[in-house]
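*Asks:* My structure is below; once you've seen it, I'll send some questions.
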Amino acid sequence: MFNRRYFLRSSLFSSLGLLAGRKVVAATPVQRPLVTGQPVVISTWDAGLAANKGAWEVLSRNGAALDAVEAGVKVTESSQNCCVGLGANPDRDGYVTLDASIMDHEWNCGAVGFLERIKHPISVARRVMEKTPHVMLVGVGAQQFAVAEGFPLEPAVLSDDAKKSYEKWLKKAEYKPVINIENHDTIGMVAMDAAGNLSGSCTTSGMGFKMRGRLGDSPIIGAGLFVDNEVGAVTATGQGEDVIRVCGSHSVVEYMRQGMSPEEACKAAVEKIARIKKEKAKDIQVAFIALNKKGETGSYALQKGFTYALRNNNEERMVEVKSYF
Ligand code: GLY
């Protein structure tokens, strides 16, 4: 894999060594104890159960967390889901546009936004991470890249369910940019593999009947998804605008770094959003799910009704989440 940061770092060290007229010896990397243990995967909402199954096929064979979080959310992207993949609800002009991001245990990350007619945006996000010197591609450029990478261009048609929902929405065509409990969204997934490495993925069609061109938090590293392999991995669901304004997933990781449990850290970020939104907080939903380096998981939501799916060696279940309201 092309590792730009490594390349830049080694070039800088080599140049400094040349300037000083002496041979540069690479510093011995700090040996951290390898945290090995029990693989675990969590993902948002009910669709997370099937997605976790996809991820577990990788994790249970000692596969990498990165491969697991890609395989897991591809299950949801392939399903007829209202809010993820090409079967999802369109924007207000009738087009399905998809956003996705992925991040591994070495600060590598990739994202796509406003991507049309590609079945697996998460895999395109991974290719952006692995095959380009960039983090994010959007729109026509992202689609051109995907096609050049061999992803088929799918027909521009709505699924039967999406067509019905869109026709119903068109009757009033009322623009209501709100993600609440009924109009939920996104699959976000974070996992730890048997080697103790963390990775995460997030993929969505965004807000139903949104303005054309609108991006939410899901493709934005630090907002919809963040992984710090020394601390934990976090993903978000809900009203993307409010996750972006607090760098939601990054904030939750930093709260865990300060010593909070995954649930306490998610709660702190949700409370911050509630403070900022004041009385408008009751109209929206935002939730985070978090996994720390010990394999502990936790979550917190603004509104009741949010659940996440958990899978490890001992259990496979939905977890009900505490909420601010
Ligand atoms: N959380 C997904 C979005 O706002 O688009």
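Labels used: A, B, ... for chains in the order of the structure tokens, numbers from 1 for residues in each chain, and numbers from 1 for ligands as shown.
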Determine, for each residue of chain A having at least one atom at most 7 Å from an atom of ligand 1, the closest pair of atoms and their separation in Å to one decimal, counting only C-alpha atoms and all ligand atoms; order by chain and ascending number, as CSV.

*Replies:*
```
residue,atom,partner,partner_atom_place_in_ligand_line,distance
A:Asp185,CA,ligand 1,2 (C),5.8
A:Thr186,CA,ligand 1,2 (C),5.5
A:Thr204,CA,ligand 1,2 (C),6.2
A:Ser205,CA,ligand 1,5 (O),6.7
A:Gly206,CA,ligand 1,5 (O),3.3
A:Met207,CA,ligand 1,5 (O),5.1
A:Leu215,CA,ligand 1,5 (O),6.2
A:Gly216,CA,ligand 1,5 (O),3.7
A:Asp217,CA,ligand 1,3 (C),5.4
A:Ser218,CA,ligand 1,2 (C),5.3
A:Gly224,CA,ligand 1,1 (N),6.9
A:Ala236,CA,ligand 1,1 (N),6.7
A:Thr237,CA,ligand 1,1 (N),4.5
A:Gly238,CA,ligand 1,1 (N),4.4
A:Gln239,CA,ligand 1,4 (O),4.5
A:Gly240,CA,ligand 1,4 (O),3.1
A:Glu241,CA,ligand 1,4 (O),6.3
```

*Asks:* Put those residues in a file: all heavy atoms, as a compact mmCIF listing (two decimals), in the first residue's frame.

*Replies:*
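Ended up saving to selection_19.txt:
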```txt
# COMPACT_ATOMS: atom_id res chain seq x y z
N ASP A 185 -30.95 6.58 9.70
CA ASP A 185 -30.01 6.63 8.59
C ASP A 185 -28.77 5.82 8.88
O ASP A 185 -28.57 5.41 10.02
CB ASP A 185 -29.54 8.09 8.44
CG ASP A 185 -28.71 8.47 9.64
OD1 ASP A 185 -29.18 8.33 10.76
OD2 ASP A 185 -27.55 8.85 9.44
N THR A 186 -27.94 5.58 7.91
CA THR A 186 -26.53 5.22 8.13
C THR A 186 -26.31 3.85 8.75
O THR A 186 -26.97 3.49 9.72
CB THR A 186 -25.83 6.23 9.11
OG1 THR A 186 -26.15 7.53 8.76
CG2 THR A 186 -24.33 6.05 9.12
N THR A 204 -23.82 5.60 3.94
CA THR A 204 -25.19 6.13 4.00
C THR A 204 -25.61 6.75 2.68
O THR A 204 -24.76 7.12 1.86
CB THR A 204 -25.27 7.22 5.10
OG1 THR A 204 -26.62 7.64 5.27
CG2 THR A 204 -24.44 8.43 4.77
N SER A 205 -26.93 6.88 2.52
CA SER A 205 -27.45 7.73 1.43
C SER A 205 -27.78 9.11 1.99
O SER A 205 -28.28 9.97 1.29
CB SER A 205 -28.71 7.12 0.84
OG SER A 205 -29.67 6.99 1.87
N GLY A 206 -27.54 9.27 3.28
CA GLY A 206 -27.78 10.58 3.91
C GLY A 206 -29.25 10.80 4.19
O GLY A 206 -30.07 9.88 4.16
N MET A 207 -29.56 12.01 4.47
CA MET A 207 -30.92 12.42 4.81
C MET A 207 -31.86 12.16 3.63
O MET A 207 -31.52 12.50 2.50
CB MET A 207 -30.78 13.91 5.03
CG MET A 207 -31.82 14.62 5.73
SD MET A 207 -31.16 16.31 5.89
CE MET A 207 -30.62 16.32 7.57
N LEU A 215 -23.91 16.95 1.92
CA LEU A 215 -23.15 15.88 2.56
C LEU A 215 -23.43 15.93 4.05
O LEU A 215 -23.53 17.00 4.63
CB LEU A 215 -21.65 16.08 2.38
CG LEU A 215 -21.03 15.90 1.00
CD1 LEU A 215 -19.50 16.01 1.13
CD2 LEU A 215 -21.38 14.56 0.40
N GLY A 216 -23.48 14.77 4.66
CA GLY A 216 -23.62 14.72 6.12
C GLY A 216 -22.28 14.42 6.77
O GLY A 216 -21.21 14.72 6.22
N ASP A 217 -22.35 13.80 7.94
CA ASP A 217 -21.13 13.51 8.71
C ASP A 217 -20.43 12.24 8.25
O ASP A 217 -19.22 12.08 8.48
CB ASP A 217 -21.48 13.37 10.20
CG ASP A 217 -22.51 12.26 10.43
OD1 ASP A 217 -23.48 12.19 9.65
OD2 ASP A 217 -22.34 11.48 11.37
N SER A 218 -21.18 11.33 7.61
CA SER A 218 -20.64 9.98 7.38
C SER A 218 -19.32 9.95 6.59
O SER A 218 -18.45 9.14 6.90
CB SER A 218 -21.68 9.10 6.68
OG SER A 218 -22.83 9.06 7.47
N GLY A 224 -18.27 11.56 11.34
CA GLY A 224 -19.03 10.30 11.32
C GLY A 224 -18.22 9.09 11.74
O GLY A 224 -18.80 8.05 12.07
N ALA A 236 -20.80 7.47 14.23
CA ALA A 236 -22.00 8.24 14.60
C ALA A 236 -23.16 7.92 13.67
O ALA A 236 -22.96 7.50 12.53
CB ALA A 236 -21.69 9.72 14.51
N THR A 237 -24.34 8.18 14.17
CA THR A 237 -25.54 8.11 13.34
C THR A 237 -26.45 9.25 13.75
O THR A 237 -26.33 9.78 14.85
CB THR A 237 -26.23 6.74 13.48
OG1 THR A 237 -27.38 6.70 12.62
CG2 THR A 237 -26.68 6.46 14.91
N GLY A 238 -27.34 9.63 12.85
CA GLY A 238 -28.26 10.72 13.17
C GLY A 238 -27.98 11.94 12.33
O GLY A 238 -27.36 11.85 11.27
N GLN A 239 -28.44 13.07 12.84
CA GLN A 239 -28.39 14.31 12.06
C GLN A 239 -26.94 14.77 11.87
O GLN A 239 -26.32 15.34 12.76
CB GLN A 239 -29.18 15.37 12.83
CG GLN A 239 -29.20 16.71 12.16
CD GLN A 239 -30.57 17.05 11.63
OE1 GLN A 239 -31.30 16.19 11.12
NE2 GLN A 239 -30.95 18.27 11.73
N GLY A 240 -26.45 14.54 10.64
CA GLY A 240 -25.03 14.75 10.37
C GLY A 240 -24.53 16.15 10.67
O GLY A 240 -23.41 16.33 11.15
N GLU A 241 -25.36 17.15 10.39
CA GLU A 241 -24.93 18.53 10.59
C GLU A 241 -24.49 18.75 12.04
O GLU A 241 -23.53 19.47 12.32
CB GLU A 241 -26.07 19.50 10.24
CG GLU A 241 -26.32 19.69 8.75
CD GLU A 241 -27.01 18.51 8.06
OE1 GLU A 241 -27.39 17.53 8.75
OE2 GLU A 241 -27.16 18.55 6.83
```

*Asks:* Between A:Lys210, A:Lys272, A:Lys171, A:Arg257, which residue has the minimum interatomic distance to A:Val243, considering only C-alpha atoms?

*Replies:*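 Among the listed residues, the smallest separation from A:Val243 belongs to A:Lys272.
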
*Asks:* Output as a PyMOL selection string all residues of stretch 138-302 of chain A that backbone DSSP marks as strand (DSSP E).

*Replies:* chain A and resi 138+187-192+198-204+225-228+232-238+286-292+297-301

*Asks:* Calculated over only C-alpha atoms, which of the candidates A:Met318, A:Val234, A:Cys202, A:Ile118 has the smallest distance to A:Gly48?

*Replies:*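 Among the listed residues, A:Met318 lies closest to A:Gly48.
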
*Asks:* With a distance cut-off of 7 Å and only C-alpha atoms, select the neighbouring residues of A:Asn52, excluding the residue or stretch itself and same-chain residues fewer than 5 positions from it, and output the selection as a list in words.

*Replies:*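 Returned residues: Val41, Ile42, Ser43, Gly72 and Arg311 of chain A.
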
*Asks:* Go ahead and write the residues just picked, N, CA, C and O atoms, as an mmCIF file, in the first residue's frame.

*Replies:*
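Everything below was put into out-v7.cif:
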```
data_model
loop_
_atom_site.group_PDB
_atom_site.id
_atom_site.type_symbol
_atom_site.label_atom_id
_atom_site.label_comp_id
_atom_site.auth_asym_id
_atom_site.auth_seq_id
_atom_site.Cartn_x
_atom_site.Cartn_y
_atom_site.Cartn_z
ATOM 1 N N VAL A 41 -17.187 -6.792 17.203
ATOM 2 C CA VAL A 41 -17.687 -5.829 16.215
ATOM 3 C C VAL A 41 -19.016 -5.274 16.714
ATOM 4 O O VAL A 41 -19.834 -6.014 17.271
ATOM 5 N N ILE A 42 -19.212 -3.970 16.521
ATOM 6 C CA ILE A 42 -20.509 -3.364 16.832
ATOM 7 C C ILE A 42 -20.920 -2.496 15.646
ATOM 8 O O ILE A 42 -20.079 -1.948 14.929
ATOM 9 N N SER A 43 -22.240 -2.378 15.449
ATOM 10 C CA SER A 43 -22.709 -1.513 14.377
ATOM 11 C C SER A 43 -24.096 -0.977 14.703
ATOM 12 O O SER A 43 -24.814 -1.527 15.536
ATOM 13 N N GLY A 72 -18.556 -6.112 6.336
ATOM 14 C CA GLY A 72 -19.785 -5.984 7.128
ATOM 15 C C GLY A 72 -20.770 -4.995 6.531
ATOM 16 O O GLY A 72 -21.936 -5.320 6.291
ATOM 17 N N ARG A 311 -21.402 -8.204 18.360
ATOM 18 C CA ARG A 311 -21.011 -9.600 18.118
ATOM 19 C C ARG A 311 -19.595 -9.812 18.652
ATOM 20 O O ARG A 311 -18.678 -9.030 18.374
#
```

*Asks:* Within 10 Å of A:Leu86, counting only C-alpha atoms, which residues show up once you throw out same-chain ones fewer than 5 positions away? Write them as a PyMOL selection string, please.

*Replies:* chain A and resi 77-81+95-98+116-121+154-159+162+204-205

*Asks:* Could you write out that same residue set with N, CA, C and O atoms as a short mmCIF file (atom, residue, chain, number, x, y, z; two decimals), in the first residue's frame?

*Replies:*
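Output below, filename selection_26.cif:
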```cif
data_model
loop_
_atom_site.label_atom_id
_atom_site.label_comp_id
_atom_site.auth_asym_id
_atom_site.auth_seq_id
_atom_site.Cartn_x
_atom_site.Cartn_y
_atom_site.Cartn_z
N GLU A 77 -25.16 -2.30 2.30
CA GLU A 77 -25.20 -1.60 1.01
C GLU A 77 -25.90 -2.42 -0.07
O GLU A 77 -26.49 -1.87 -1.00
N SER A 78 -25.85 -3.75 0.06
CA SER A 78 -26.49 -4.62 -0.95
C SER A 78 -27.97 -4.82 -0.67
O SER A 78 -28.69 -5.32 -1.52
N SER A 79 -28.41 -4.49 0.53
CA SER A 79 -29.81 -4.79 0.90
C SER A 79 -30.72 -3.64 0.46
O SER A 79 -30.25 -2.57 0.11
N GLN A 80 -32.00 -3.90 0.52
CA GLN A 80 -32.96 -2.84 0.19
C GLN A 80 -33.22 -2.03 1.45
O GLN A 80 -34.20 -2.24 2.14
N ASN A 81 -32.31 -1.13 1.77
CA ASN A 81 -32.42 -0.37 3.01
C ASN A 81 -32.84 1.06 2.65
O ASN A 81 -32.39 1.59 1.64
N TYR A 95 -32.50 11.74 -7.12
CA TYR A 95 -31.26 10.96 -7.34
C TYR A 95 -30.74 10.39 -6.02
O TYR A 95 -30.70 11.11 -5.01
N VAL A 96 -30.30 9.13 -6.07
CA VAL A 96 -29.67 8.53 -4.88
C VAL A 96 -28.19 8.92 -4.90
O VAL A 96 -27.48 8.64 -5.87
N THR A 97 -27.75 9.56 -3.83
CA THR A 97 -26.33 9.94 -3.74
C THR A 97 -25.76 9.39 -2.43
O THR A 97 -26.40 9.50 -1.39
N LEU A 98 -24.60 8.79 -2.51
CA LEU A 98 -24.07 8.00 -1.39
C LEU A 98 -22.76 8.57 -0.84
O LEU A 98 -21.94 9.11 -1.59
N GLU A 116 -22.75 8.69 -7.13
CA GLU A 116 -23.97 8.14 -7.73
C GLU A 116 -23.66 6.86 -8.52
O GLU A 116 -22.60 6.73 -9.13
N ARG A 117 -24.64 5.95 -8.52
CA ARG A 117 -24.67 4.76 -9.37
C ARG A 117 -23.55 3.75 -9.11
O ARG A 117 -23.16 3.00 -10.00
N ILE A 118 -23.01 3.76 -7.91
CA ILE A 118 -21.99 2.76 -7.54
C ILE A 118 -22.52 2.00 -6.33
O ILE A 118 -22.91 2.60 -5.33
N LYS A 119 -22.53 0.66 -6.45
CA LYS A 119 -23.19 -0.16 -5.43
C LYS A 119 -22.47 -0.15 -4.07
O LYS A 119 -23.12 -0.21 -3.03
N HIS A 120 -21.16 -0.12 -4.10
CA HIS A 120 -20.42 -0.24 -2.84
C HIS A 120 -19.50 0.96 -2.59
O HIS A 120 -18.27 0.87 -2.74
N PRO A 121 -20.08 2.07 -2.15
CA PRO A 121 -19.25 3.25 -1.86
C PRO A 121 -18.17 2.96 -0.82
O PRO A 121 -17.09 3.56 -0.87
N GLU A 154 -23.99 1.34 -12.17
CA GLU A 154 -25.32 0.72 -12.08
C GLU A 154 -26.36 1.63 -12.74
O GLU A 154 -26.15 2.83 -12.86
N PRO A 155 -27.51 1.04 -13.15
CA PRO A 155 -28.55 1.88 -13.77
C PRO A 155 -29.06 2.95 -12.80
O PRO A 155 -29.11 2.72 -11.59
N ALA A 156 -29.43 4.09 -13.34
CA ALA A 156 -29.93 5.20 -12.50
C ALA A 156 -31.42 5.03 -12.27
O ALA A 156 -32.23 5.79 -12.81
N VAL A 157 -31.79 4.02 -11.50
CA VAL A 157 -33.23 3.81 -11.22
C VAL A 157 -33.42 3.70 -9.72
O VAL A 157 -32.54 3.26 -8.99
N LEU A 158 -34.61 4.09 -9.27
CA LEU A 158 -34.92 3.97 -7.85
C LEU A 158 -35.45 2.57 -7.56
O LEU A 158 -36.10 1.95 -8.41
N SER A 159 -35.20 2.07 -6.36
CA SER A 159 -35.80 0.80 -5.94
C SER A 159 -37.31 1.01 -5.82
O SER A 159 -37.78 2.16 -5.70
N ALA A 162 -38.11 2.94 -2.63
CA ALA A 162 -37.68 4.34 -2.69
C ALA A 162 -38.59 5.14 -3.62
O ALA A 162 -38.92 6.30 -3.33
N THR A 204 -23.82 5.60 3.94
CA THR A 204 -25.19 6.13 4.00
C THR A 204 -25.61 6.75 2.68
O THR A 204 -24.76 7.12 1.86
N SER A 205 -26.93 6.88 2.52
CA SER A 205 -27.45 7.73 1.43
C SER A 205 -27.78 9.11 1.99
O SER A 205 -28.28 9.97 1.29
#
```

*Asks:* Kindly assemble as CSV a list of the stretch 192-223 of chain A residues that lie within 8 Å of stretch 53-65 of chain A, each paired with its nearest atom pair and their distance in Å to one decimal, using only C-alpha atoms, sorted first by chain and then by ascending residue number.

*Replies:*
```
residue,atom,partner,partner_atom,distance
A:Met192,CA,A:Ala65,CA,5.6
A:Asp193,CA,A:Ala65,CA,4.9
A:Ala194,CA,A:Asn62,CA,5.8
A:Ala195,CA,A:Asn62,CA,8.0
A:Asn197,CA,A:Ala65,CA,6.6
A:Leu198,CA,A:Ala65,CA,6.0
A:Ser199,CA,A:Ala65,CA,5.4
A:Gly200,CA,A:Ala65,CA,7.9
```

*Asks:* Just to be explicit: take each residue in the selection above, keep N, CA and C atoms, and write the result as a compact mmCIF listing (two decimals), in the first residue's frame.

*Replies:*
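That gives us part15.txt:
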```txt
# COMPACT_ATOMS: atom_id res chain seq x y z
N MET A 192 -12.64 -4.66 16.48
CA MET A 192 -11.27 -4.99 16.89
C MET A 192 -11.00 -6.43 16.47
N ASP A 193 -9.84 -6.67 15.88
CA ASP A 193 -9.51 -8.03 15.44
C ASP A 193 -8.69 -8.77 16.50
N ALA A 194 -8.36 -10.00 16.22
CA ALA A 194 -7.67 -10.84 17.22
C ALA A 194 -6.28 -10.32 17.55
N ALA A 195 -5.73 -9.49 16.65
CA ALA A 195 -4.41 -8.89 16.92
C ALA A 195 -4.55 -7.62 17.76
N ASN A 197 -6.12 -4.85 16.76
CA ASN A 197 -6.19 -3.64 15.93
C ASN A 197 -7.63 -3.22 15.70
N LEU A 198 -7.82 -1.91 15.63
CA LEU A 198 -9.15 -1.33 15.45
C LEU A 198 -9.31 -0.76 14.04
N SER A 199 -10.54 -0.83 13.52
CA SER A 199 -10.88 -0.15 12.27
C SER A 199 -12.35 0.21 12.31
N GLY A 200 -12.76 1.10 11.37
CA GLY A 200 -14.17 1.48 11.33
C GLY A 200 -14.62 1.83 9.93
```

*Asks:* Between A:Pro152, A:Gly196, A:Gly139, A:Gly232, which one has atoms that come closest to A:Gly113, using only C-alpha atoms?

*Replies:*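 Among the listed residues, the smallest separation from A:Gly113 belongs to A:Gly139.
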
*Asks:* Just give me the gap between atom CA of A:Tyr324 and atom CA of A:Leu302 in Å, one decimal is fine.

*Replies:*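 A separation of 4.8 Å between them.
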
*Asks:* Select, from A:Cys82, A:Ile244, A:Leu66, A:Ala148, the residue with the minimum atom-to-atom distance to A:Met129, counting only C-alpha atoms.

*Replies:*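 Among A:Cys82, A:Ile244, A:Leu66, A:Ala148, it is A:Leu66 that comes nearest to A:Met129.
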
*Asks:* Using only C-alpha atoms, which protein or nucleic acid residues come within 12 Å of A:Glu167? Drop anything in the same chain fewer than 4 positions from it, and give the result as a list in words.

*Replies:* Asn89, Pro90, Arg92, Asp93, Gly94, Leu158, Asp160, Asp161, Ala162, Lys163, Lys171, Lys172, Ala173 and Phe209 of chain A

*Asks:* May I have the residues from that selection written out with N, CA and C atoms, as an mmCIF file, in the first residue's frame?

*Replies:*
```cif
data_model
loop_
_atom_site.group_PDB
_atom_site.id
_atom_site.type_symbol
_atom_site.label_atom_id
_atom_site.label_comp_id
_atom_site.auth_asym_id
_atom_site.auth_seq_id
_atom_site.Cartn_x
_atom_site.Cartn_y
_atom_site.Cartn_z
ATOM 1 N N ASN A 89 -33.555 5.969 -0.187
ATOM 2 C CA ASN A 89 -34.322 7.137 -0.623
ATOM 3 C C ASN A 89 -33.428 8.130 -1.362
ATOM 4 N N PRO A 90 -33.998 8.796 -2.370
ATOM 5 C CA PRO A 90 -33.201 9.748 -3.160
ATOM 6 C C PRO A 90 -33.151 11.132 -2.505
ATOM 7 N N ARG A 92 -33.977 15.360 -3.038
ATOM 8 C CA ARG A 92 -35.282 15.936 -3.417
ATOM 9 C C ARG A 92 -35.444 16.077 -4.925
ATOM 10 N N ASP A 93 -34.337 15.897 -5.678
ATOM 11 C CA ASP A 93 -34.447 15.918 -7.142
ATOM 12 C C ASP A 93 -34.600 14.510 -7.719
ATOM 13 N N GLY A 94 -34.640 13.506 -6.843
ATOM 14 C CA GLY A 94 -34.906 12.141 -7.302
ATOM 15 C C GLY A 94 -33.671 11.285 -7.561
ATOM 16 N N LEU A 158 -34.614 4.089 -9.274
ATOM 17 C CA LEU A 158 -34.920 3.966 -7.851
ATOM 18 C C LEU A 158 -35.449 2.569 -7.560
ATOM 19 N N ASP A 160 -38.088 -0.077 -5.792
ATOM 20 C CA ASP A 160 -39.544 0.064 -5.689
ATOM 21 C C ASP A 160 -39.934 0.830 -4.434
ATOM 22 N N ASP A 161 -39.284 0.480 -3.303
ATOM 23 C CA ASP A 161 -39.622 1.158 -2.039
ATOM 24 C C ASP A 161 -39.283 2.644 -2.096
ATOM 25 N N ALA A 162 -38.108 2.937 -2.635
ATOM 26 C CA ALA A 162 -37.677 4.339 -2.691
ATOM 27 C C ALA A 162 -38.592 5.140 -3.620
ATOM 28 N N LYS A 163 -39.031 4.496 -4.709
ATOM 29 C CA LYS A 163 -39.908 5.180 -5.665
ATOM 30 C C LYS A 163 -41.224 5.557 -4.981
ATOM 31 N N LYS A 171 -45.819 14.642 -3.149
ATOM 32 C CA LYS A 171 -47.179 15.211 -3.052
ATOM 33 C C LYS A 171 -47.166 16.543 -2.322
ATOM 34 N N LYS A 172 -46.337 16.633 -1.262
ATOM 35 C CA LYS A 172 -46.227 17.922 -0.551
ATOM 36 C C LYS A 172 -44.908 18.610 -0.872
ATOM 37 N N ALA A 173 -43.912 17.781 -1.194
ATOM 38 C CA ALA A 173 -42.554 18.283 -1.465
ATOM 39 C C ALA A 173 -42.112 19.297 -0.417
ATOM 40 N N PHE A 209 -34.523 12.785 0.911
ATOM 41 C CA PHE A 209 -35.080 13.961 0.217
ATOM 42 C C PHE A 209 -34.318 15.248 0.549
#
```

*Asks:* Of the residues A:Ile276, A:Leu291, A:Ala281, A:Ile122, which is the one nearest to A:Phe325, using only C-alpha atoms?

*Replies:*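 Closest to A:Phe325, using only C-alpha atoms: A:Ala281.
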
*Asks:* Compile the contact shell of A:Leu225 as a ChimeraX atom specification: residues with an atom at most 9 Å away, counting only C-alpha atoms, same-chain residues fewer than 3 positions apart removed.

*Replies:* /A:101-103,188-190,200-202,217-222,233-236,248-250

*Asks:* Store the residues picked out above, limited to all heavy atoms, as a compact mmCIF listing (two decimals), in the first residue's frame.

*Replies:*
```
# COMPACT_ATOMS: atom_id res chain seq x y z
N SER A 101 -17.12 6.35 4.47
CA SER A 101 -15.73 6.52 4.92
C SER A 101 -15.23 5.26 5.61
O SER A 101 -16.02 4.47 6.12
CB SER A 101 -15.59 7.72 5.86
OG SER A 101 -16.33 7.49 7.04
N ILE A 102 -13.91 5.13 5.63
CA ILE A 102 -13.29 3.95 6.24
C ILE A 102 -11.96 4.40 6.86
O ILE A 102 -11.31 5.33 6.35
CB ILE A 102 -13.10 2.84 5.18
CG1 ILE A 102 -12.77 1.49 5.82
CG2 ILE A 102 -12.05 3.22 4.13
CD1 ILE A 102 -13.05 0.31 4.89
N MET A 103 -11.58 3.79 7.98
CA MET A 103 -10.31 4.17 8.63
C MET A 103 -9.70 2.95 9.29
O MET A 103 -10.42 2.14 9.89
CB MET A 103 -10.58 5.27 9.67
CG MET A 103 -9.33 5.88 10.24
SD MET A 103 -9.67 7.48 11.02
CE MET A 103 -8.02 8.00 11.45
N GLY A 188 -22.97 2.49 10.67
CA GLY A 188 -21.59 2.71 11.12
C GLY A 188 -21.16 1.47 11.85
O GLY A 188 -21.95 0.86 12.59
N MET A 189 -19.90 1.08 11.64
CA MET A 189 -19.39 -0.16 12.25
C MET A 189 -17.97 0.07 12.74
O MET A 189 -17.16 0.68 12.05
CB MET A 189 -19.41 -1.27 11.19
CG MET A 189 -18.75 -2.56 11.64
SD MET A 189 -18.85 -3.83 10.34
CE MET A 189 -20.49 -4.45 10.55
N VAL A 190 -17.66 -0.42 13.95
CA VAL A 190 -16.27 -0.41 14.43
C VAL A 190 -15.93 -1.80 14.95
O VAL A 190 -16.81 -2.49 15.48
CB VAL A 190 -16.02 0.68 15.51
CG1 VAL A 190 -16.06 2.07 14.90
CG2 VAL A 190 -17.01 0.58 16.66
N GLY A 200 -12.76 1.10 11.37
CA GLY A 200 -14.17 1.48 11.33
C GLY A 200 -14.62 1.83 9.93
O GLY A 200 -13.81 2.13 9.05
N SER A 201 -15.95 1.78 9.74
CA SER A 201 -16.55 2.13 8.44
C SER A 201 -17.89 2.79 8.67
O SER A 201 -18.52 2.59 9.71
CB SER A 201 -16.73 0.87 7.58
OG SER A 201 -17.58 -0.06 8.26
N CYS A 202 -18.32 3.55 7.70
CA CYS A 202 -19.58 4.27 7.83
C CYS A 202 -20.12 4.51 6.42
O CYS A 202 -19.36 4.95 5.54
CB CYS A 202 -19.30 5.60 8.53
SG CYS A 202 -20.75 6.49 9.05
N ASP A 217 -22.35 13.80 7.94
CA ASP A 217 -21.13 13.51 8.71
C ASP A 217 -20.43 12.24 8.25
O ASP A 217 -19.22 12.08 8.48
CB ASP A 217 -21.48 13.37 10.20
CG ASP A 217 -22.51 12.26 10.43
OD1 ASP A 217 -23.48 12.19 9.65
OD2 ASP A 217 -22.34 11.48 11.37
N SER A 218 -21.18 11.33 7.61
CA SER A 218 -20.64 9.98 7.38
C SER A 218 -19.32 9.95 6.59
O SER A 218 -18.45 9.14 6.90
CB SER A 218 -21.68 9.10 6.68
OG SER A 218 -22.83 9.06 7.47
N PRO A 219 -19.14 10.79 5.57
CA PRO A 219 -17.86 10.72 4.84
C PRO A 219 -16.77 11.57 5.48
O PRO A 219 -15.67 11.63 4.94
CB PRO A 219 -18.23 11.27 3.46
CG PRO A 219 -19.31 12.26 3.75
CD PRO A 219 -20.09 11.72 4.92
N ILE A 220 -17.08 12.24 6.57
CA ILE A 220 -16.10 13.18 7.14
C ILE A 220 -15.38 12.54 8.32
O ILE A 220 -15.97 12.26 9.37
CB ILE A 220 -16.79 14.50 7.55
CG1 ILE A 220 -17.40 15.13 6.29
CG2 ILE A 220 -15.81 15.45 8.21
CD1 ILE A 220 -18.15 16.40 6.50
N ILE A 221 -14.08 12.29 8.11
CA ILE A 221 -13.26 11.66 9.15
C ILE A 221 -13.20 12.60 10.35
O ILE A 221 -12.93 13.79 10.21
CB ILE A 221 -11.84 11.37 8.59
CG1 ILE A 221 -11.91 10.39 7.41
CG2 ILE A 221 -10.92 10.85 9.70
CD1 ILE A 221 -12.44 9.01 7.71
N GLY A 222 -13.48 12.04 11.52
CA GLY A 222 -13.53 12.86 12.74
C GLY A 222 -14.95 13.19 13.13
O GLY A 222 -15.25 13.41 14.30
N ALA A 233 -12.30 3.31 18.80
CA ALA A 233 -12.91 3.60 17.50
C ALA A 233 -14.37 3.97 17.73
O ALA A 233 -15.04 3.36 18.56
CB ALA A 233 -12.82 2.37 16.60
N VAL A 234 -14.83 4.97 16.96
CA VAL A 234 -16.17 5.52 17.19
C VAL A 234 -16.84 5.82 15.87
O VAL A 234 -16.18 6.27 14.93
CB VAL A 234 -16.07 6.83 18.02
CG1 VAL A 234 -17.44 7.47 18.20
CG2 VAL A 234 -15.42 6.57 19.37
N THR A 235 -18.15 5.60 15.80
CA THR A 235 -18.91 6.06 14.64
C THR A 235 -20.23 6.67 15.11
O THR A 235 -20.67 6.42 16.23
CB THR A 235 -19.10 4.93 13.60
OG1 THR A 235 -19.72 5.47 12.43
CG2 THR A 235 -19.93 3.80 14.14
N ALA A 236 -20.80 7.47 14.23
CA ALA A 236 -22.00 8.24 14.60
C ALA A 236 -23.16 7.92 13.67
O ALA A 236 -22.96 7.50 12.53
CB ALA A 236 -21.69 9.72 14.51
N GLY A 248 -17.87 15.02 16.13
CA GLY A 248 -18.43 14.07 17.08
C GLY A 248 -17.57 12.84 17.39
O GLY A 248 -17.24 12.59 18.56
N SER A 249 -17.22 12.06 16.38
CA SER A 249 -16.53 10.79 16.66
C SER A 249 -15.13 11.06 17.23
O SER A 249 -14.66 10.35 18.12
CB SER A 249 -16.44 9.94 15.40
OG SER A 249 -17.75 9.56 15.03
N HIS A 250 -14.47 12.09 16.73
CA HIS A 250 -13.16 12.45 17.28
C HIS A 250 -13.29 12.86 18.74
O HIS A 250 -12.47 12.47 19.59
CB HIS A 250 -12.55 13.58 16.44
CG HIS A 250 -11.20 14.01 16.94
ND1 HIS A 250 -11.02 15.10 17.75
CD2 HIS A 250 -9.97 13.48 16.75
CE1 HIS A 250 -9.74 15.23 18.04
NE2 HIS A 250 -9.08 14.25 17.45
```

*Asks:* Hey, can you check how far atom CA of A:Ala301 sits from atom CA of A:Ala88?

*Replies:*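 Interatomic distance, atom CA of A:Ala301 to atom CA of A:Ala88: 23.3 Å.
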
*Asks:* Quick one: residues within 9 Å of stretch 303-310 of chain A, only C-alpha atoms, excluding same-chain residues fewer than 6 positions away - as number ranges by chain?

*Replies:* A: 40-52, 180-181, 282-287, 289, 297, 316-325

*Asks:* For atom CA of A:Val231 and atom CA of A:Val124, quote the distance in Å rounded to one decimal.

*Replies:*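 Computing the Euclidean distance for atom CA of A:Val231 and atom CA of A:Val124 yields 26.6 Å.
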